[in-house]
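K.L.:
The structure is given below, and queries will be raised subsequently.
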Amino acid sequence: MPDPMRIRAQAAGDKTTVRVLMSHEMETGLRKDAAGKTIPAWFIQEVTAQLNGKPVFTAEWGPSVSKNPFLQFVVKGAKAGDKIAVTWRDNKGETRTDEATVS
Amino acid sequence: MRTRNIAAIAAALAATAATVPLLAQESKSASDGIAEYRKMLEDGNPAELFEAKGEDLWKTPRGPKNASLEQCDLGLGAGVVKGAWVQMPRYFPDTKKVQDLESRLLTCMQTLQGFDADEIAKTPFDKGEQASVTALAAWVSSMSRGMKMALPQKHAEEKRFYELGKRAFFYRGGPMDFACASCHGEPGKRIRLQDLPDLTRNPGNGIGFAAWPAYRVSSGELWGMQRRLNDCFRQQRFPYPGFASDVTVALGVYMGVNAKGAESIAPALKR
């Protein structure tokens with residue numbers, strides 16, 4: 001089971017800033033370990049966000065994104081108390097969803 | 001076409017020069033640039049992920065004795081975490097030793113949870129239970145964020161460790177005849193773009209001792225003070241110090257006492 005994300009969503013006027021920290025190795029598949037063997041690629045491929053169950057954000061990621069990535073985006077029209085859910089899926093098919101309440 | 005472009009650039013430059021004083025732009029130093037970069041990353045310090053992990057490890061029953069660490073005494077009484085970090089390393093009557101956060105965590109993991117502290121100390125960083133110690137250190141230190149360093153110096157052992165740390169700090173050796181003081185003995189020094197804090201005095205809020213544990217963006221790792229010191233020893237081409245060994249704790253006492261009054265920002269974010 002992957003480690004949880006940290007999500008914060010702060011409303012200011014009609015705009016809500018969402019900040020997400022994901023816990024992921026993000027291996028490029030190009031690095032080698034101490035024994036000289038290639039470390040297999042393992043990275044997040046797809047990130048989606050939903051506001052009260054309605055998709056508001058999708059992104060396709062690749063191996064160039066850093067380890068433990070940080071994502072920030074702005075959503076229009078969210079109010080305090082609304083639910084923001086973020087989901088990622090990596091190239092091994094593993095997935096994780098976490099939810100936060102807009103404040 | 002080319003001449004026209006050059007003319008356009010020249011015009012643009014002239015316009016810039018007219019509106020923004022050129023001097024002001026030039027005076028922005030490399031460390032200002034780094035400070036800006038840190039500011040940008042402040043909201044998304046991945047150390048938070050380690051804090052969350054550490055909190056979970058503290059509260060979850062684990063180890064051969066299947067116990068949590070909630071009864072662990074970090075110096076302010078069993079289970080008191082808030083404010084504990086800014087008063088460490090300190091003397092602990094039960095072990096009759098001056099201990100820093102990481103060595104104290106080892107003690108608690110051994111006495112409460114039944115882990116083998118020596119074995120954890122020998123484990124490479126980021127492997128097995130060593131990774132747990134790091135995550136725990138991240139969480140414990142985060143519970144003192146914004147508080148001022150206030151290491152006790154009442155007990156004779158604490159004073160002895162300060163003197164010991166001072167000696168280690170100024171001890172020159174190795175193939176490059178280096179001491180900690182070679183880099184950290186006066187203000188305004190740096191390695192490449194990293195400012196080096198003067199650790200013989202209080203280097204300021206959130207600098208030096210008051211910034212570790214920290215997340216290092218370049219390696220994607222969280223480092224506690226033990227690992228920070230381990231790498232300082234490596235850079236001096238000294239033999240690696242034992243994890244939680246007396247010399248590392250003594251250096252912690254020396255830096256921590258010197259930093260008295262500095263505000264802790266740990267776990268911080270490093271390049």
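Order determines the names: the first chain of the structure tokens is A, the second B, and so forth; residues in each chain are numbered 1 upward, and ligands are numbered 1 upward as they are shown.
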If we count only C-alpha atoms, what is near stretch 12-23 of chain A at a cut-off of 8 Å, once residues fewer than 4 positions away on the same chain are taken out, given as a list in words?

P.N.:
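Once the adjacent positions are removed, what remains is Pro2, Asp3, Pro4, Met5, Arg6, Ile7, Arg8, Lys67, Asn68, Pro69, Phe70, Leu71, Gln72, Phe73, Val74, Val75, Lys76, Gly77, Ala78, Lys79 and Val102 of chain A; Asp43, Gly44, Asn45, Pro46 and Leu49 of chain B.
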
K.L.:
Could you please select, counting only C-alpha atoms, the residues of chain B within 12 Å of chain A and state them as a compact mmCIF listing (two decimals) with C-alpha atoms, in the first residue's frame?

P.N.:
# COMPACT_ATOMS: atom_id res chain seq x y z
CA MET B 40 9.02 28.73 -3.71
CA LEU B 41 9.42 25.23 -2.32
CA GLU B 42 8.37 26.13 1.21
CA ASP B 43 4.75 25.16 0.69
CA GLY B 44 5.67 21.76 -0.60
CA ASN B 45 8.39 20.46 1.66
CA PRO B 46 8.36 16.66 1.22
CA ALA B 47 9.67 16.42 4.80
CA GLU B 48 5.94 16.51 5.62
CA LEU B 49 5.62 13.03 4.16
CA PHE B 50 8.26 11.84 6.61
CA GLU B 51 6.59 13.66 9.49
CA ALA B 52 3.36 11.81 8.74
CA LYS B 53 5.23 8.52 8.62
CA GLY B 54 7.02 9.32 11.87
CA ASP B 56 2.35 6.90 12.61
CA TYR B 215 14.78 17.08 3.32
CA ARG B 216 17.38 17.24 0.59
CA VAL B 217 15.75 17.87 -2.76
CA SER B 218 18.78 16.77 -4.77
CA SER B 219 18.81 13.27 -3.33
CA GLY B 220 15.18 12.99 -2.27
CA GLU B 221 16.23 11.91 1.22
CA LEU B 222 15.52 13.08 4.71

K.L.:
If you count only C-alpha atoms, which residues fall within 12 Å of B:Cys72, apart from same-chain ones fewer than 3 positions away, as an MDAnalysis selection string?

P.N.:
chainID B and resid 58:59 67:69 75:81 84 94 101 104:113 136 140

K.L.:
I need the residues in stretch 93-232 of chain B that are alpha helix (DSSP H) according to DSSP; give them as JSON, numbers by chain.

P.N.:
{"B": [101, 102, 103, 104, 105, 106, 107, 108, 109, 110, 111, 117, 118, 119, 120, 121, 122, 128, 129, 130, 131, 132, 133, 134, 135, 136, 137, 138, 139, 140, 141, 142, 156, 157, 158, 159, 160, 161, 162, 163, 164, 165, 166, 167, 168, 169, 170, 180, 181, 182, 183, 184, 225, 226, 227, 228, 229, 230, 231, 232]}

K.L.:
Please list as a list in words every residue within 7 Å of stretch 242-259 of chain B, counting only C-alpha atoms and excluding residues in the same chain fewer than 3 positions away.

P.N.:
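Listed by chain and then number, they are Pro89, Gln99, Asp100, Glu102, Ser103, Ala121, Met149, Leu151, Phe161, Tyr162, Leu164, Gly165, Lys166, Ala168, Phe169, Leu199, Thr200, Arg201, Asn202, Pro203, Phe209, Gln226, Leu229 and Ala262 of chain B.
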
K.L.:
Export C-alpha atoms of the chosen residues as a PDB file, in the first residue's frame?

P.N.:
ATOM      1  CA  PRO B  89      20.918  16.582  23.302  1.00  0.00           C
ATOM      2  CA  GLN B  99      21.816  11.615  24.256  1.00  0.00           C
ATOM      3  CA  ASP B 100      20.640  13.355  21.126  1.00  0.00           C
ATOM      4  CA  GLU B 102      18.311   9.867  17.427  1.00  0.00           C
ATOM      5  CA  SER B 103      20.254   8.002  20.111  1.00  0.00           C
ATOM      6  CA  ALA B 121      22.898   1.754  14.725  1.00  0.00           C
ATOM      7  CA  MET B 149      16.809  26.255  20.954  1.00  0.00           C
ATOM      8  CA  LEU B 151      19.634  23.034  25.461  1.00  0.00           C
ATOM      9  CA  PHE B 161      29.950  16.994  26.454  1.00  0.00           C
ATOM     10  CA  TYR B 162      29.992  20.651  25.438  1.00  0.00           C
ATOM     11  CA  LEU B 164      34.182  17.443  24.270  1.00  0.00           C
ATOM     12  CA  GLY B 165      32.182  18.717  21.297  1.00  0.00           C
ATOM     13  CA  LYS B 166      34.261  21.875  21.200  1.00  0.00           C
ATOM     14  CA  ALA B 168      36.052  17.633  18.281  1.00  0.00           C
ATOM     15  CA  PHE B 169      34.901  20.728  16.410  1.00  0.00           C
ATOM     16  CA  LEU B 199      28.623  27.199  14.224  1.00  0.00           C
ATOM     17  CA  THR B 200      30.832  28.649  16.945  1.00  0.00           C
ATOM     18  CA  ARG B 201      28.018  31.101  17.728  1.00  0.00           C
ATOM     19  CA  ASN B 202      24.275  31.419  17.098  1.00  0.00           C
ATOM     20  CA  PRO B 203      24.107  31.562  13.285  1.00  0.00           C
ATOM     21  CA  PHE B 209      21.682  23.176  14.073  1.00  0.00           C
ATOM     22  CA  GLN B 226      23.392  12.074  12.676  1.00  0.00           C
ATOM     23  CA  LEU B 229      27.437  14.830  10.741  1.00  0.00           C
ATOM     24  CA  ALA B 262      17.710  30.349  17.478  1.00  0.00           C
TER      25      ALA B 262
END

K.L.:
As JSON, numbers by chain, please: every residue in stretch 27-75 of chain A that a backbone DSSP assignment puts in strand (DSSP E or B).

P.N.:
{"A": [27, 32, 38, 42, 44, 45, 46, 47, 48, 49, 50, 51, 54, 55, 56, 57, 58, 59, 60, 70, 71, 72, 73, 74, 75]}

K.L.:
Put those residues in a file: C-alpha atoms, as a compact mmCIF listing (two decimals), in the first residue's frame.

P.N.:
# COMPACT_ATOMS: atom_id res chain seq x y z
CA GLU A 27 12.56 5.98 -10.75
CA LYS A 32 21.92 1.79 -12.00
CA THR A 38 19.50 -1.05 -14.04
CA TRP A 42 8.74 3.23 -11.62
CA ILE A 44 3.54 8.14 -11.71
CA GLN A 45 1.90 8.24 -15.13
CA GLU A 46 -1.45 9.79 -14.50
CA VAL A 47 -2.70 12.29 -11.96
CA THR A 48 -6.33 13.31 -11.68
CA ALA A 49 -8.23 15.57 -9.31
CA GLN A 50 -11.92 15.71 -8.59
CA LEU A 51 -13.95 18.43 -6.95
CA LYS A 54 -16.40 15.98 -10.75
CA PRO A 55 -13.10 15.79 -12.65
CA VAL A 56 -11.31 19.15 -12.68
CA PHE A 57 -7.73 18.21 -13.46
CA THR A 58 -5.86 15.50 -15.35
CA ALA A 59 -2.17 15.28 -16.07
CA GLU A 60 0.12 12.79 -17.74
CA PHE A 70 4.81 18.47 -5.25
CA LEU A 71 1.86 19.60 -7.33
CA GLN A 72 0.00 22.88 -7.06
CA PHE A 73 -2.99 24.01 -9.10
CA VAL A 74 -5.88 26.44 -8.86
CA VAL A 75 -9.53 25.45 -9.10

K.L.:
One number please: atom CA of B:Arg190 to atom CA of B:Ser144, in Å, one decimal.

P.N.:
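Between atom CA of B:Arg190 and atom CA of B:Ser144 the gap is 27.9 Å.
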
K.L.:
Smallest atom-to-atom distance to B:Met147: which of B:Cys232, B:Met225, B:Leu74, B:Ala210, using only C-alpha atoms?

P.N.:
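Selected residue with least distance to B:Met147: B:Ala210.
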
K.L.:
If you count only C-alpha atoms, which residues fall within 10 Å of B:Ala211, apart from same-chain ones fewer than 6 positions away, as a PDB file with N, CA and C atoms, in the first residue's frame?

P.N.:
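File around_30.pdb, as written:
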ATOM      1  N   SER B 141      10.927  16.448  15.693  1.00  0.00           N
ATOM      2  CA  SER B 141      11.457  17.803  15.527  1.00  0.00           C
ATOM      3  C   SER B 141      10.375  18.758  15.032  1.00  0.00           C
ATOM      4  N   ARG B 145       8.616  23.007  15.996  1.00  0.00           N
ATOM      5  CA  ARG B 145       8.825  24.030  14.970  1.00  0.00           C
ATOM      6  C   ARG B 145       8.433  25.411  15.516  1.00  0.00           C
ATOM      7  N   ASN B 205      18.148  32.311  13.188  1.00  0.00           N
ATOM      8  CA  ASN B 205      16.966  31.446  13.185  1.00  0.00           C
ATOM      9  C   ASN B 205      16.982  30.490  12.001  1.00  0.00           C
ATOM     10  N   GLY B 224      18.741  13.252   9.188  1.00  0.00           N
ATOM     11  CA  GLY B 224      18.772  13.728  10.560  1.00  0.00           C
ATOM     12  C   GLY B 224      20.139  14.320  10.845  1.00  0.00           C
ATOM     13  N   MET B 225      20.313  14.847  12.064  1.00  0.00           N
ATOM     14  CA  MET B 225      21.613  15.431  12.429  1.00  0.00           C
ATOM     15  C   MET B 225      22.719  14.377  12.357  1.00  0.00           C
ATOM     16  N   ALA B 262      18.057  30.418  18.897  1.00  0.00           N
ATOM     17  CA  ALA B 262      17.710  30.349  17.478  1.00  0.00           C
ATOM     18  C   ALA B 262      16.395  29.587  17.320  1.00  0.00           C
ATOM     19  N   GLU B 263      15.565  30.065  16.409  1.00  0.00           N
ATOM     20  CA  GLU B 263      14.271  29.433  16.205  1.00  0.00           C
ATOM     21  C   GLU B 263      14.439  28.209  15.311  1.00  0.00           C
ATOM     22  N   SER B 264      13.811  27.116  15.710  1.00  0.00           N
ATOM     23  CA  SER B 264      13.916  25.887  14.928  1.00  0.00           C
ATOM     24  C   SER B 264      12.918  25.883  13.778  1.00  0.00           C
ATOM     25  N   ILE B 265      13.384  25.510  12.567  1.00  0.00           N
ATOM     26  CA  ILE B 265      12.474  25.351  11.438  1.00  0.00           C
ATOM     27  C   ILE B 265      12.447  23.889  10.991  1.00  0.00           C
ATOM     28  N   ALA B 266      13.090  23.017  11.780  1.00  0.00           N
ATOM     29  CA  ALA B 266      13.197  21.611  11.395  1.00  0.00           C
ATOM     30  C   ALA B 266      11.814  20.966  11.342  1.00  0.00           C
ATOM     31  N   PRO B 267      11.598  20.020  10.443  1.00  0.00           N
ATOM     32  CA  PRO B 267      12.517  19.619   9.384  1.00  0.00           C
ATOM     33  C   PRO B 267      12.502  20.618   8.230  1.00  0.00           C
ATOM     34  N   ALA B 268      13.677  21.090   7.882  1.00  0.00           N
ATOM     35  CA  ALA B 268      13.789  22.139   6.872  1.00  0.00           C
ATOM     36  C   ALA B 268      13.896  21.532   5.474  1.00  0.00           C
ATOM     37  N   LEU B 269      14.079  22.412   4.509  1.00  0.00           N
ATOM     38  CA  LEU B 269      14.225  21.994   3.123  1.00  0.00           C
ATOM     39  C   LEU B 269      15.586  22.462   2.634  1.00  0.00           C
ATOM     40  N   LYS B 270      16.364  21.523   2.113  1.00  0.00           N
ATOM     41  CA  LYS B 270      17.698  21.875   1.610  1.00  0.00           C
ATOM     42  C   LYS B 270      17.760  21.576   0.122  1.00  0.00           C
TER      43      LYS B 270
END

K.L.:
Rounded to one decimal place, report the atom CA of A:Ser64-atom CA of A:Ala41 distance in Å.

P.N.:
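Pair atom CA of A:Ser64 / atom CA of A:Ala41 returns 11.1 Å.
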